[in-house]
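Data file: data.txt. Format and content: compact mmCIF, C-alpha atoms and all ligand atoms.
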# COMPACT_ATOMS: atom_id res chain seq x y z
CA MET A 1 -15.50 -25.08 -21.30
CA TYR A 2 -12.21 -23.47 -22.32
CA THR A 3 -11.55 -20.33 -24.29
CA ASN A 4 -8.33 -20.20 -26.20
CA LYS A 5 -7.49 -16.84 -24.65
CA LEU A 6 -4.37 -16.38 -22.57
CA VAL A 7 -4.31 -13.92 -19.66
CA THR A 8 -1.08 -12.80 -18.01
CA VAL A 9 -1.67 -11.83 -14.38
CA PHE A 10 1.14 -9.78 -12.82
CA GLY A 11 1.13 -10.30 -9.07
CA GLY A 12 -0.94 -13.46 -9.57
CA SER A 13 0.59 -15.02 -6.45
CA GLY A 14 -0.54 -12.15 -4.16
CA PHE A 15 -3.69 -11.79 -2.06
CA LEU A 16 -5.98 -10.40 -4.79
CA GLY A 17 -3.96 -11.97 -7.62
CA ARG A 18 -4.69 -15.58 -6.59
CA TYR A 19 -8.46 -14.91 -6.60
CA VAL A 20 -8.17 -13.30 -10.03
CA VAL A 21 -6.30 -16.36 -11.30
CA ARG A 22 -8.94 -18.70 -9.80
CA GLU A 23 -11.84 -16.71 -11.28
CA LEU A 24 -10.25 -16.56 -14.72
CA ALA A 25 -9.44 -20.28 -14.61
CA GLU A 26 -13.05 -21.07 -13.67
CA ARG A 27 -14.16 -19.07 -16.68
CA GLY A 28 -11.96 -21.21 -18.90
CA TYR A 29 -9.04 -18.87 -19.61
CA ARG A 30 -5.47 -20.07 -19.83
CA VAL A 31 -3.60 -18.11 -17.18
CA ARG A 32 0.05 -17.13 -16.99
CA VAL A 33 1.03 -16.03 -13.51
CA ALA A 34 3.87 -13.49 -13.66
CA CYS A 35 5.65 -13.10 -10.34
CA ARG A 36 9.13 -12.66 -8.93
CA ARG A 37 9.35 -16.11 -7.32
CA PRO A 38 7.38 -18.73 -9.25
CA ASP A 39 9.01 -21.35 -7.00
CA LEU A 40 7.06 -19.86 -4.07
CA ALA A 41 3.77 -19.60 -5.95
CA GLY A 42 2.76 -23.27 -5.73
CA HIS A 43 -0.41 -22.32 -3.83
CA VAL A 44 -1.85 -20.87 -7.06
CA GLN A 45 -1.41 -24.06 -9.12
CA PRO A 46 -4.56 -25.88 -7.85
CA SER A 47 -6.71 -22.91 -8.96
CA GLY A 48 -7.01 -24.49 -12.41
CA ASP A 49 -6.89 -27.80 -14.27
CA VAL A 50 -3.63 -29.51 -15.16
CA GLY A 51 -1.76 -27.29 -17.62
CA GLN A 52 -4.26 -24.43 -17.39
CA ILE A 53 -2.02 -22.26 -15.19
CA GLN A 54 1.59 -21.54 -16.08
CA PHE A 55 4.21 -19.47 -14.29
CA VAL A 56 6.79 -17.02 -15.56
CA GLN A 57 9.38 -15.09 -13.62
CA ALA A 58 8.84 -11.34 -13.94
CA ASN A 59 9.85 -8.27 -12.00
CA LEU A 60 8.19 -4.93 -12.66
CA ARG A 61 11.56 -3.25 -12.21
CA TYR A 62 12.92 -5.01 -15.33
CA ARG A 63 11.22 -4.07 -18.58
CA TRP A 64 12.54 -7.09 -20.49
CA SER A 65 10.94 -9.48 -18.00
CA ILE A 66 7.58 -7.71 -18.48
CA ASP A 67 7.81 -8.01 -22.27
CA ARG A 68 8.59 -11.71 -21.96
CA ALA A 69 5.64 -12.32 -19.62
CA VAL A 70 3.22 -10.53 -21.94
CA GLU A 71 4.32 -12.27 -25.16
CA GLY A 72 1.34 -13.97 -26.83
CA ALA A 73 -1.18 -12.80 -24.21
CA ASP A 74 -4.68 -11.65 -25.21
CA ILE A 75 -5.33 -9.92 -21.90
CA VAL A 76 -3.00 -8.51 -19.24
CA VAL A 77 -4.06 -7.92 -15.63
CA ASN A 78 -1.72 -5.98 -13.33
CA THR A 79 -2.34 -6.45 -9.60
CA VAL A 80 1.13 -5.42 -8.43
CA GLY A 81 1.27 -2.92 -5.59
CA ILE A 82 3.07 -2.34 -2.31
CA LEU A 83 2.08 -0.79 1.01
CA ALA A 84 5.60 0.12 2.10
CA ALA A 85 8.79 0.75 0.13
CA THR A 86 11.86 -1.41 0.81
CA GLY A 87 15.21 -0.95 -0.95
CA LYS A 88 14.71 -0.93 -4.73
CA GLN A 89 11.02 -1.77 -4.28
CA THR A 90 9.92 1.86 -4.39
CA PHE A 91 6.42 3.19 -4.99
CA ASP A 92 7.60 5.05 -8.09
CA SER A 93 9.36 2.05 -9.61
CA LEU A 94 6.40 -0.33 -9.18
CA GLN A 95 3.15 1.60 -9.02
CA ALA A 96 4.08 4.34 -11.52
CA ARG A 97 6.89 3.36 -13.92
CA GLY A 98 6.27 -0.40 -13.65
CA ALA A 99 2.52 0.02 -14.21
CA GLY A 100 3.28 2.14 -17.28
CA TRP A 101 5.70 -0.48 -18.63
CA VAL A 102 3.13 -3.26 -18.22
CA SER A 103 0.58 -1.21 -20.11
CA GLU A 104 3.08 -0.36 -22.88
CA ALA A 105 4.00 -4.01 -23.22
CA ALA A 106 0.30 -4.99 -23.37
CA ALA A 107 -0.34 -2.36 -26.07
CA ALA A 108 2.69 -3.54 -28.08
CA ALA A 109 1.43 -7.14 -27.87
CA GLY A 110 -2.10 -6.09 -28.89
CA ALA A 111 -3.45 -7.31 -25.53
CA LYS A 112 -6.32 -5.79 -23.55
CA MET A 113 -5.26 -4.23 -20.25
CA VAL A 114 -6.92 -4.38 -16.82
CA HIS A 115 -5.09 -2.38 -14.18
CA VAL A 116 -5.65 -2.43 -10.42
CA SER A 117 -5.26 0.97 -8.75
CA ALA A 118 -6.94 2.10 -5.51
CA ILE A 119 -9.61 4.49 -4.27
CA GLY A 120 -7.80 7.64 -3.17
CA ALA A 121 -5.33 7.67 -6.09
CA ASP A 122 -4.31 11.33 -6.23
CA GLU A 123 -1.30 12.97 -7.88
CA GLN A 124 -1.33 15.72 -5.23
CA SER A 125 -1.36 13.33 -2.27
CA LYS A 126 1.46 13.55 0.29
CA ALA A 127 1.27 9.75 0.56
CA ASP A 128 3.54 8.04 -1.97
CA TYR A 129 1.08 5.14 -2.29
CA ALA A 130 -1.80 7.37 -3.44
CA ARG A 131 0.43 9.67 -5.52
CA THR A 132 2.06 6.83 -7.47
CA LYS A 133 -1.29 5.04 -7.95
CA ALA A 134 -2.48 8.21 -9.75
CA LEU A 135 0.74 8.49 -11.78
CA GLY A 136 0.38 4.80 -12.68
CA GLU A 137 -3.19 5.34 -13.87
CA ASP A 138 -2.00 8.19 -16.12
CA MET A 139 0.81 6.10 -17.59
CA VAL A 140 -1.55 3.14 -18.12
CA ARG A 141 -4.07 5.36 -19.94
CA LYS A 142 -1.37 6.94 -22.11
CA ALA A 143 -0.11 3.55 -23.27
CA SER A 144 -3.50 1.77 -23.45
CA PRO A 145 -6.39 4.25 -23.73
CA ASP A 146 -8.79 1.28 -23.72
CA ALA A 147 -7.45 -0.07 -20.43
CA ILE A 148 -9.97 -0.78 -17.69
CA ILE A 149 -8.90 0.57 -14.31
CA MET A 150 -10.21 -0.91 -11.05
CA ARG A 151 -9.96 1.10 -7.85
CA PRO A 152 -10.97 -1.01 -4.85
CA SER A 153 -11.56 0.26 -1.32
CA ILE A 154 -9.94 -1.85 1.39
CA ILE A 155 -10.15 -5.53 0.42
CA PHE A 156 -11.11 -8.26 2.91
CA GLY A 157 -10.75 -12.01 2.65
CA PRO A 158 -8.95 -14.96 4.28
CA GLU A 159 -5.44 -13.71 3.44
CA ASP A 160 -6.04 -9.97 3.97
CA ASP A 161 -3.51 -7.78 5.70
CA PHE A 162 -6.05 -5.60 7.50
CA PHE A 163 -8.47 -7.61 9.65
CA ASN A 164 -5.89 -10.41 10.14
CA ARG A 165 -3.25 -7.92 11.28
CA PHE A 166 -5.47 -6.21 13.86
CA ALA A 167 -6.96 -9.52 15.03
CA GLY A 168 -3.39 -10.76 15.55
CA MET A 169 -2.61 -7.64 17.58
CA ALA A 170 -5.79 -8.11 19.64
CA ARG A 171 -4.64 -11.60 20.59
CA ILE A 172 -1.67 -10.20 22.52
CA ALA A 173 -2.29 -6.47 23.15
CA PRO A 174 -4.67 -5.08 25.79
CA ALA A 175 -5.60 -2.13 23.56
CA LEU A 176 -5.77 -1.28 19.87
CA PRO A 177 -4.89 2.13 18.38
CA LEU A 178 -7.52 4.20 16.60
CA ILE A 179 -5.42 6.42 14.37
CA GLY A 180 -6.97 9.89 14.12
CA GLY A 181 -9.74 8.74 16.47
CA GLY A 182 -10.83 5.94 14.12
CA LYS A 183 -13.17 8.21 12.16
CA SER A 184 -11.85 7.48 8.63
CA ARG A 185 -14.50 5.69 6.59
CA PHE A 186 -13.96 2.54 4.53
CA GLN A 187 -16.14 0.46 2.27
CA PRO A 188 -14.61 -3.02 2.71
CA VAL A 189 -14.99 -5.11 -0.43
CA TYR A 190 -14.68 -8.91 -0.63
CA VAL A 191 -11.62 -10.13 -2.54
CA GLY A 192 -13.70 -12.62 -4.55
CA ASP A 193 -15.98 -9.78 -5.68
CA VAL A 194 -13.03 -7.67 -6.90
CA ALA A 195 -11.75 -10.73 -8.79
CA LYS A 196 -15.17 -11.19 -10.43
CA ALA A 197 -15.25 -7.54 -11.55
CA ILE A 198 -11.76 -7.97 -13.06
CA ALA A 199 -12.85 -11.17 -14.81
CA ASN A 200 -15.93 -9.35 -16.16
CA ALA A 201 -13.53 -6.78 -17.61
CA ALA A 202 -11.50 -9.60 -19.19
CA ASP A 203 -14.76 -11.01 -20.61
CA GLU A 204 -15.28 -7.61 -22.32
CA LYS A 205 -18.50 -7.04 -20.37
CA LEU A 206 -17.31 -3.59 -19.23
CA GLU A 207 -16.79 -0.51 -21.37
CA ALA A 208 -13.27 -0.08 -22.74
CA GLY A 209 -11.37 2.85 -21.24
CA SER A 210 -13.52 2.97 -18.08
CA THR A 211 -12.51 3.44 -14.43
CA TRP A 212 -14.42 1.65 -11.66
CA GLU A 213 -14.52 2.19 -7.89
CA LEU A 214 -15.22 -1.03 -6.04
CA GLY A 215 -16.69 -0.95 -2.54
CA GLY A 216 -18.68 -3.42 -0.47
CA PRO A 217 -22.27 -3.09 0.73
CA GLU A 218 -21.44 -1.15 3.92
CA VAL A 219 -19.52 2.00 4.80
CA LEU A 220 -17.78 1.59 8.17
CA THR A 221 -15.48 3.82 10.18
CA PHE A 222 -12.11 2.46 11.24
CA ARG A 223 -13.55 2.18 14.77
CA GLU A 224 -16.53 0.18 13.49
CA CYS A 225 -14.16 -2.14 11.59
CA MET A 226 -12.25 -2.78 14.82
CA GLU A 227 -15.50 -3.36 16.75
CA ARG A 228 -16.73 -5.86 14.13
CA MET A 229 -13.41 -7.68 14.25
CA LEU A 230 -13.38 -7.82 18.08
CA ASP A 231 -16.95 -9.08 18.10
CA VAL A 232 -16.07 -11.89 15.68
CA ILE A 233 -13.01 -12.97 17.64
CA ASP A 234 -14.95 -12.64 20.89
CA ARG A 235 -12.36 -10.48 22.67
CA LYS A 236 -12.81 -7.24 24.56
CA ARG A 237 -10.05 -4.70 23.97
CA ALA A 238 -9.77 -0.99 24.72
CA LEU A 239 -9.82 1.15 21.59
CA VAL A 240 -7.46 4.04 22.23
CA SER A 241 -7.46 7.16 20.12
CA LEU A 242 -4.07 8.01 18.61
CA PRO A 243 -3.95 11.57 17.21
CA PHE A 244 -2.56 11.92 13.68
CA PRO A 245 0.66 13.80 14.67
CA ILE A 246 1.60 11.08 17.18
CA ALA A 247 0.74 8.31 14.69
CA SER A 248 2.89 10.07 12.04
CA ALA A 249 5.83 10.31 14.44
CA MET A 250 5.47 6.62 15.28
CA GLY A 251 5.23 5.82 11.56
CA SER A 252 8.50 7.70 10.90
CA LEU A 253 10.26 5.31 13.27
CA LEU A 254 8.34 2.09 12.65
CA GLN A 255 8.54 2.28 8.85
CA PHE A 256 12.08 0.87 9.17
CA ALA A 257 11.02 -2.01 11.45
CA PRO A 258 10.60 -5.48 9.88
CA GLY A 259 7.28 -5.65 8.04
CA ALA A 260 6.86 -1.85 8.44
CA PRO A 261 3.86 -2.03 10.83
CA ILE A 262 2.95 1.56 10.02
CA THR A 263 4.37 4.26 7.77
CA PRO A 264 3.81 8.05 7.66
CA GLY A 265 2.18 7.53 4.24
CA GLN A 266 -0.39 5.12 5.66
CA VAL A 267 -1.21 7.62 8.41
CA GLU A 268 -1.60 10.32 5.73
CA MET A 269 -4.01 8.07 3.79
CA LEU A 270 -6.17 7.63 6.90
CA LYS A 271 -6.88 11.37 6.86
CA SER A 272 -9.23 10.82 3.90
CA ASP A 273 -12.21 8.51 3.57
CA ASN A 274 -11.74 5.43 1.42
CA VAL A 275 -15.21 5.05 -0.06
CA VAL A 276 -16.74 4.95 -3.54
CA SER A 277 -17.07 8.54 -4.79
CA ASP A 278 -20.34 10.24 -5.76
CA ASP A 279 -18.92 10.60 -9.29
CA SER A 280 -18.56 6.83 -9.65
CA ILE A 281 -22.09 6.31 -8.34
CA THR A 282 -23.64 8.82 -10.75
CA GLN A 283 -21.60 7.46 -13.66
CA ASN A 284 -22.67 3.87 -12.84
CA ARG A 285 -19.10 2.75 -12.26
CA THR A 286 -19.49 0.72 -9.06
CA LEU A 287 -19.16 -2.96 -8.17
CA GLU A 288 -22.88 -3.57 -8.75
CA ASP A 289 -22.68 -1.76 -12.10
CA ALA A 290 -19.79 -4.08 -12.99
CA GLY A 291 -22.25 -6.98 -12.58
CA VAL A 292 -21.18 -8.18 -9.13
CA GLU A 293 -23.47 -8.55 -6.11
CA PRO A 294 -21.41 -7.24 -3.15
CA THR A 295 -20.73 -9.78 -0.38
CA ALA A 296 -21.38 -8.69 3.21
CA LEU A 297 -18.47 -8.47 5.63
CA SER A 298 -20.49 -10.44 8.18
CA ALA A 299 -20.79 -13.36 5.76
CA VAL A 300 -17.05 -13.83 5.39
CA LEU A 301 -15.21 -12.35 8.39
CA PRO A 302 -16.14 -15.14 10.86
CA THR A 303 -14.95 -17.81 8.42
CA TYR A 304 -11.33 -16.74 8.64
CA LEU A 305 -10.99 -14.80 11.91
CA VAL A 306 -12.20 -17.79 13.93
CA ARG A 307 -8.58 -18.79 14.53
CA PHE A 308 -8.10 -15.64 16.64
CA ARG A 309 -10.81 -16.63 19.11
CA LYS A 310 -9.62 -17.88 22.48
CA HIS A 311 -11.16 -21.30 21.88
CA GLY A 312 -10.92 -21.30 18.10
CA GLN A 313 -14.02 -22.79 16.53
CA PHE A 314 -15.31 -24.10 19.87
CA GLU A 315 -17.59 -21.97 22.04
CA ALA A 316 -15.96 -20.85 25.30
CA ASN A 317 -18.39 -22.46 27.74
CA ARG A 318 -19.10 -25.76 26.12
CA GLY A 319 -16.34 -27.56 28.00
CA LEU A 320 -15.06 -29.20 24.82
N1 LIG A 401 -5.38 -5.21 -0.24
C1 LIG A 401 -6.10 -4.09 -0.26
O1 LIG A 401 -6.84 -3.77 0.70
C2 LIG A 401 -6.07 -3.19 -1.47
C3 LIG A 401 -6.94 -2.08 -1.52
C4 LIG A 401 -6.91 -1.27 -2.65
C5 LIG A 401 -6.06 -1.55 -3.71
N2 LIG A 401 -5.23 -2.63 -3.62
C6 LIG A 401 -4.35 -2.90 -4.76
O2 LIG A 401 -4.62 -4.21 -5.21
C7 LIG A 401 -3.42 -4.79 -5.73
C8 LIG A 401 -3.19 -6.13 -5.07
O3 LIG A 401 -3.01 -5.92 -3.68
P1 LIG A 401 -2.78 -7.15 -2.70
O4 LIG A 401 -3.36 -6.79 -1.39
O5 LIG A 401 -3.17 -8.40 -3.36
O6 LIG A 401 -1.18 -7.09 -2.53
P2 LIG A 401 -0.13 -8.29 -2.31
O7 LIG A 401 -0.77 -9.46 -1.68
O8 LIG A 401 1.03 -7.68 -1.64
O9 LIG A 401 0.24 -8.67 -3.78
C9 LIG A 401 1.05 -7.85 -4.54
C10 LIG A 401 1.72 -8.67 -5.59
O10 LIG A 401 2.70 -7.83 -6.23
C11 LIG A 401 3.84 -8.63 -6.45
N3 LIG A 401 5.05 -7.82 -6.58
C12 LIG A 401 5.62 -7.03 -5.66
N4 LIG A 401 6.74 -6.47 -6.16
C13 LIG A 401 6.87 -6.93 -7.42
C14 LIG A 401 7.81 -6.72 -8.45
N5 LIG A 401 8.88 -5.93 -8.30
N6 LIG A 401 7.63 -7.34 -9.64
C15 LIG A 401 6.57 -8.17 -9.83
N7 LIG A 401 5.64 -8.41 -8.90
C16 LIG A 401 5.79 -7.80 -7.69
C17 LIG A 401 3.90 -9.54 -5.26
O11 LIG A 401 4.63 -10.70 -5.59
P3 LIG A 401 6.05 -11.06 -4.94
O12 LIG A 401 6.36 -10.05 -3.87
O13 LIG A 401 5.84 -12.43 -4.42
O14 LIG A 401 6.94 -11.00 -6.10
C18 LIG A 401 2.43 -9.88 -5.06
O15 LIG A 401 2.07 -10.98 -5.84
C19 LIG A 401 -2.32 -3.77 -5.48
O16 LIG A 401 -2.12 -3.00 -6.62
C20 LIG A 401 -2.89 -2.91 -4.36
O17 LIG A 401 -2.34 -1.61 -4.37
C21 LIG A 401 -5.22 -3.46 -2.54
Show me, as structure tokens, the structure contained in the file I just sent.
Ligand SMILES: NC(=O)c1ccc[n+]([C@@H]2O[C@H](COP(=O)([O-])OP(=O)(O)OC[C@H]3O[C@@H](n4cnc5c(N)ncnc54)[C@H](OP(=O)(O)O)[C@@H]3O)[C@@H](O)[C@H]2O)c1
Amino acid sequence: MYTNKLVTVFGGSGFLGRYVVRELAERGYRVRVACRRPDLAGHVQPSGDVGQIQFVQANLRYRWSIDRAVEGADIVVNTVGILAATGKQTFDSLQARGAGWVSEAAAAAGAKMVHVSAIGADEQSKADYARTKALGEDMVRKASPDAIIMRPSIIFGPEDDFFNRFAGMARIAPALPLIGGGKSRFQPVYVGDVAKAIANAADEKLEAGSTWELGGPEVLTFRECMERMLDVIDRKRALVSLPFPIASAMGSLLQFAPGAPITPGQVEMLKSDNVVSDDSITQNRTLEDAGVEPTALSAVLPTYLVRFRKHGQFEANRGL
């Protein structure tokens, strides 16, 4: 069953974005995927029926391209974000100014706005990621007071950049670093669950102007995340504590390496826990309150980390 509503999804080709597009398409929306390289976004096309998903070129650094992508939309979802700045792709230009522009364009077009921020958004943070997420939230609210803001904890799923990255390291390295001793706490949330919460917001099931913190069913330390991952990929690796000052110094150098394996900002973020706040729990602004049953890490992790096992999907001693 189709609704006549059109949703523009900025960043619809990214990790979270593609699940948002799929969820919206399943619910019968027409979806316009706004991304910088529509020619490279072919993987999103099968998420809907023929003609249900369209593509438009848009760059959050160019206001006119945002306005064009939003034209005629009933709902706008912004999933654009970066973990490391490169050239003109700065945190301020995308996560603050760009987020504000998307929200202004949505308001001008009379469209509802759903914005993806992150737990830990904080204007006072020394980490540009967290600081600009907070600035972005402010700009979004100023332009669209009715906007719904989603702040996920770390997101897991087949294309994630967290468990896949460390599992890839474990394949070749004898030891894995535990930045700050691995004590920072996370509440890993399944990508499909975040997409459902966003789609519930699009369906107008959530209160206008609300902010939600989305975490999974378990709170795990960084060390526990690494242990879970190693267990799934069936590899034994030393977990070596890396004090914050040393990790920061390494980040200062490695931030310029291809793919920026670690940045000083990411180290800074690890100094705080990344879990749903007590305020969100008491205000009933969690994933469950958004109508989504949280998926367990153990239900999904083995399905995509299997490729990092020594024998892939085959057990080691079966002689296959
Ligand atoms: N992954 C997590 O664990 C996590 C946790 C909390 C919050 N979040 C937030 O969730 C959102 C989605 O994250 P993700 O992990 O899905 O990231 P992602 O895979 O890197 O996707 C980000 C998207 O932003 C797009 N983008 C980057 N620069 C752009 C620009 N100048 N103009 C237009 N689009 C641009 C990218 O498309 P192209 O580069 O192809 O153009 C991509 O589609 C982000 O806001 C992130 O901060 C993520």
*Neighbourhood of ligand LIG 401 (chain A) at 6 Å, counting only C-alpha atoms and all ligand atoms, reported as a ChimeraX atom specification*: /A:11-17,35-37,58-61,79-82,116-118,152-155
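Distance check against A:Pro261 using only C-alpha atoms: of A:Val189, A:Lys236, A:Gly182, A:Phe166, the minimum falls on A:Phe166.
Atom pair atom CA of A:Asp161 / atom CA of A:Pro38: separated by 21.5 Å.
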*For atom CA of A:Phe10 and atom CA of A:Glu123, quote the distance in Å rounded to one decimal.*
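Separation between atom CA of A:Phe10 and atom CA of A:Glu123: 23.4 Å.
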_Selection near A:Lys126, 12 Å with all atoms listed in the file, sequence-local residues under 6 positions removed, as a PyMOL selection string_ = chain A and resi 120+132+264-272
*What lies within 9 Å of A:Ala260 using only C-alpha atoms, ignoring chain neighbours under 3 positions off, as a PyMOL selection string?*
chain A and resi 83-85+251+254-257+263
*Which of these residues is nearest to A:Gly209, using all atoms listed in the file: A:Gln187, A:Ser241, A:Gln54, A:Ser144?*
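Under the stated criterion, the closest residue is A:Ser144.
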*Find the distance between atom CA of A:Val31 and atom CA of A:Val50 and write it in Å to one decimal.*
11.6 Å
*asked:* I need the residue nearest A:Arg27 from this list: A:Asp92, A:Asp146, A:Asp49, A:Asp273. Use all atoms listed in the file for the distance.
replied: A:Asp49
*Could you check which of A:Glu227, A:Gln57, A:Ile66, A:Arg307 is closest to A:Leu176, using all atoms listed in the file?*
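Smallest distance to A:Leu176 is found for A:Glu227.
When all atoms listed in the file are used to compute distances to A:Arg285, the closest of the residues A:Pro46, A:Gly215, A:Gly312, A:Gly181 turns out to be A:Gly215.
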*Using only C-alpha atoms, which residue out of A:Leu6, A:Ile262, A:Leu297, A:Ala175 lies closest to A:Gly216?*
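Of A:Leu6, A:Ile262, A:Leu297, A:Ala175, the one nearest A:Gly216, counting only C-alpha atoms, is A:Leu297.
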Return the padded bounding box of stretch 5-22 of chain A as lines of an AutoDock Vina configuration file: axis-aligned, built from all atoms listed in the file, 6 Å added on each side, with centre and edge lengths in Å to one decimal.
center_x = -3.9
center_y = -14.2
center_z = -13.4
size_x = 22.1
size_y = 20.9
size_z = 34.6
*Within 8 Å of A:Ile53, counting only C-alpha atoms, which residues qualify if same-chain residues fewer than 5 places away don't, as a PyMOL selection string?*
chain A and resi 25+30-33+45+47-48
Extract, using all atoms listed in the file, all DNA, RNA and protein residues at most 10 Å from A:Gly192, discarding same-chain residues fewer than 2 positions from it, and format them as a CSV table (one decimal) with C-alpha atoms, keeping the file's coordinate frame.
chain,number,residue,atom,x,y,z
A,16,LEU,CA,-6.0,-10.4,-4.8
A,18,ARG,CA,-4.7,-15.6,-6.6
A,19,TYR,CA,-8.5,-14.9,-6.6
A,20,VAL,CA,-8.2,-13.3,-10.0
A,22,ARG,CA,-8.9,-18.7,-9.8
A,23,GLU,CA,-11.8,-16.7,-11.3
A,155,ILE,CA,-10.2,-5.5,0.4
A,156,PHE,CA,-11.1,-8.3,2.9
A,157,GLY,CA,-10.8,-12.0,2.6
A,189,VAL,CA,-15.0,-5.1,-0.4
A,190,TYR,CA,-14.7,-8.9,-0.6
A,194,VAL,CA,-13.0,-7.7,-6.9
A,195,ALA,CA,-11.8,-10.7,-8.8
A,196,LYS,CA,-15.2,-11.2,-10.4
A,197,ALA,CA,-15.2,-7.5,-11.6
A,198,ILE,CA,-11.8,-8.0,-13.1
A,292,VAL,CA,-21.2,-8.2,-9.1
A,294,PRO,CA,-21.4,-7.2,-3.2
A,295,THR,CA,-20.7,-9.8,-0.4
For stretch 130-249 of chain A against stretch 278-283 of chain A, with a cut-off of 10 Å and counting all atoms listed in the file, what is the closest atom pair and its distance in Å to one decimal for every residue that makes the cut, ordered by chain and number, as JSON lines?
{"residue": "A:Thr211", "atom": "CA", "partner": "A:Ser280", "partner_atom": "CA", "distance": 8.4}
{"residue": "A:Trp212", "atom": "CA", "partner": "A:Ser280", "partner_atom": "CA", "distance": 6.9}
{"residue": "A:Glu213", "atom": "CA", "partner": "A:Ser280", "partner_atom": "CA", "distance": 6.4}
{"residue": "A:Leu214", "atom": "CA", "partner": "A:Ser280", "partner_atom": "CA", "distance": 9.3}
Please rebuild stretch 60-65 of chain A with all heavy atoms and give the result as a tab-separated table (two decimals), in the frame of the given file.
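Produced file selection_39.tsv, reproduced below:
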chain	number	residue	atom	x	y	z
A	60	LEU	N	8.62	-6.18	-12.04
A	60	LEU	CA	8.19	-4.93	-12.66
A	60	LEU	C	9.30	-3.89	-12.74
A	60	LEU	O	9.15	-2.85	-13.36
A	60	LEU	CB	6.98	-4.34	-11.91
A	60	LEU	CG	5.66	-4.48	-12.67
A	60	LEU	CD1	5.33	-5.91	-12.95
A	60	LEU	CD2	4.52	-3.79	-11.94
A	61	ARG	N	10.44	-4.19	-12.11
A	61	ARG	CA	11.56	-3.25	-12.21
A	61	ARG	C	12.43	-3.54	-13.43
A	61	ARG	O	13.35	-2.78	-13.73
A	61	ARG	CB	12.39	-3.31	-10.92
A	61	ARG	CG	11.64	-2.73	-9.73
A	61	ARG	CD	12.46	-2.63	-8.49
A	61	ARG	NE	12.49	-3.88	-7.76
A	61	ARG	CZ	13.55	-4.65	-7.61
A	61	ARG	NH1	14.70	-4.28	-8.15
A	61	ARG	NH2	13.48	-5.77	-6.93
A	62	TYR	N	12.13	-4.66	-14.14
A	62	TYR	CA	12.92	-5.01	-15.33
A	62	TYR	C	12.00	-5.12	-16.54
A	62	TYR	O	11.21	-6.06	-16.65
A	62	TYR	CB	13.68	-6.33	-15.11
A	62	TYR	CG	14.65	-6.22	-13.96
A	62	TYR	CD1	14.32	-6.69	-12.70
A	62	TYR	CD2	15.87	-5.58	-14.14
A	62	TYR	CE1	15.20	-6.56	-11.64
A	62	TYR	CE2	16.75	-5.43	-13.08
A	62	TYR	CZ	16.41	-5.92	-11.84
A	62	TYR	OH	17.27	-5.77	-10.78
A	63	ARG	N	12.12	-4.15	-17.44
A	63	ARG	CA	11.22	-4.07	-18.58
A	63	ARG	C	11.24	-5.35	-19.42
A	63	ARG	O	10.20	-5.83	-19.87
A	63	ARG	CB	11.61	-2.83	-19.42
A	63	ARG	CG	10.87	-2.65	-20.72
A	63	ARG	CD	9.39	-2.39	-20.49
A	63	ARG	NE	8.62	-2.68	-21.69
A	63	ARG	CZ	8.09	-1.75	-22.46
A	63	ARG	NH1	8.23	-0.48	-22.17
A	63	ARG	NH2	7.40	-2.09	-23.53
A	64	TRP	N	12.46	-5.92	-19.63
A	64	TRP	CA	12.54	-7.09	-20.49
A	64	TRP	C	11.72	-8.26	-19.93
A	64	TRP	O	11.13	-9.05	-20.67
A	64	TRP	CB	14.00	-7.53	-20.71
A	64	TRP	CG	14.72	-7.91	-19.44
A	64	TRP	CD1	15.47	-7.10	-18.66
A	64	TRP	CD2	14.71	-9.19	-18.81
A	64	TRP	NE1	15.94	-7.79	-17.57
A	64	TRP	CE2	15.49	-9.08	-17.64
A	64	TRP	CE3	14.15	-10.43	-19.12
A	64	TRP	CZ2	15.71	-10.16	-16.77
A	64	TRP	CZ3	14.36	-11.49	-18.26
A	64	TRP	CH2	15.13	-11.36	-17.10
A	65	SER	N	11.67	-8.36	-18.60
A	65	SER	CA	10.94	-9.48	-18.00
A	65	SER	C	9.43	-9.28	-18.17
A	65	SER	O	8.66	-10.23	-18.27
A	65	SER	CB	11.30	-9.68	-16.53
A	65	SER	OG	10.72	-8.68	-15.71
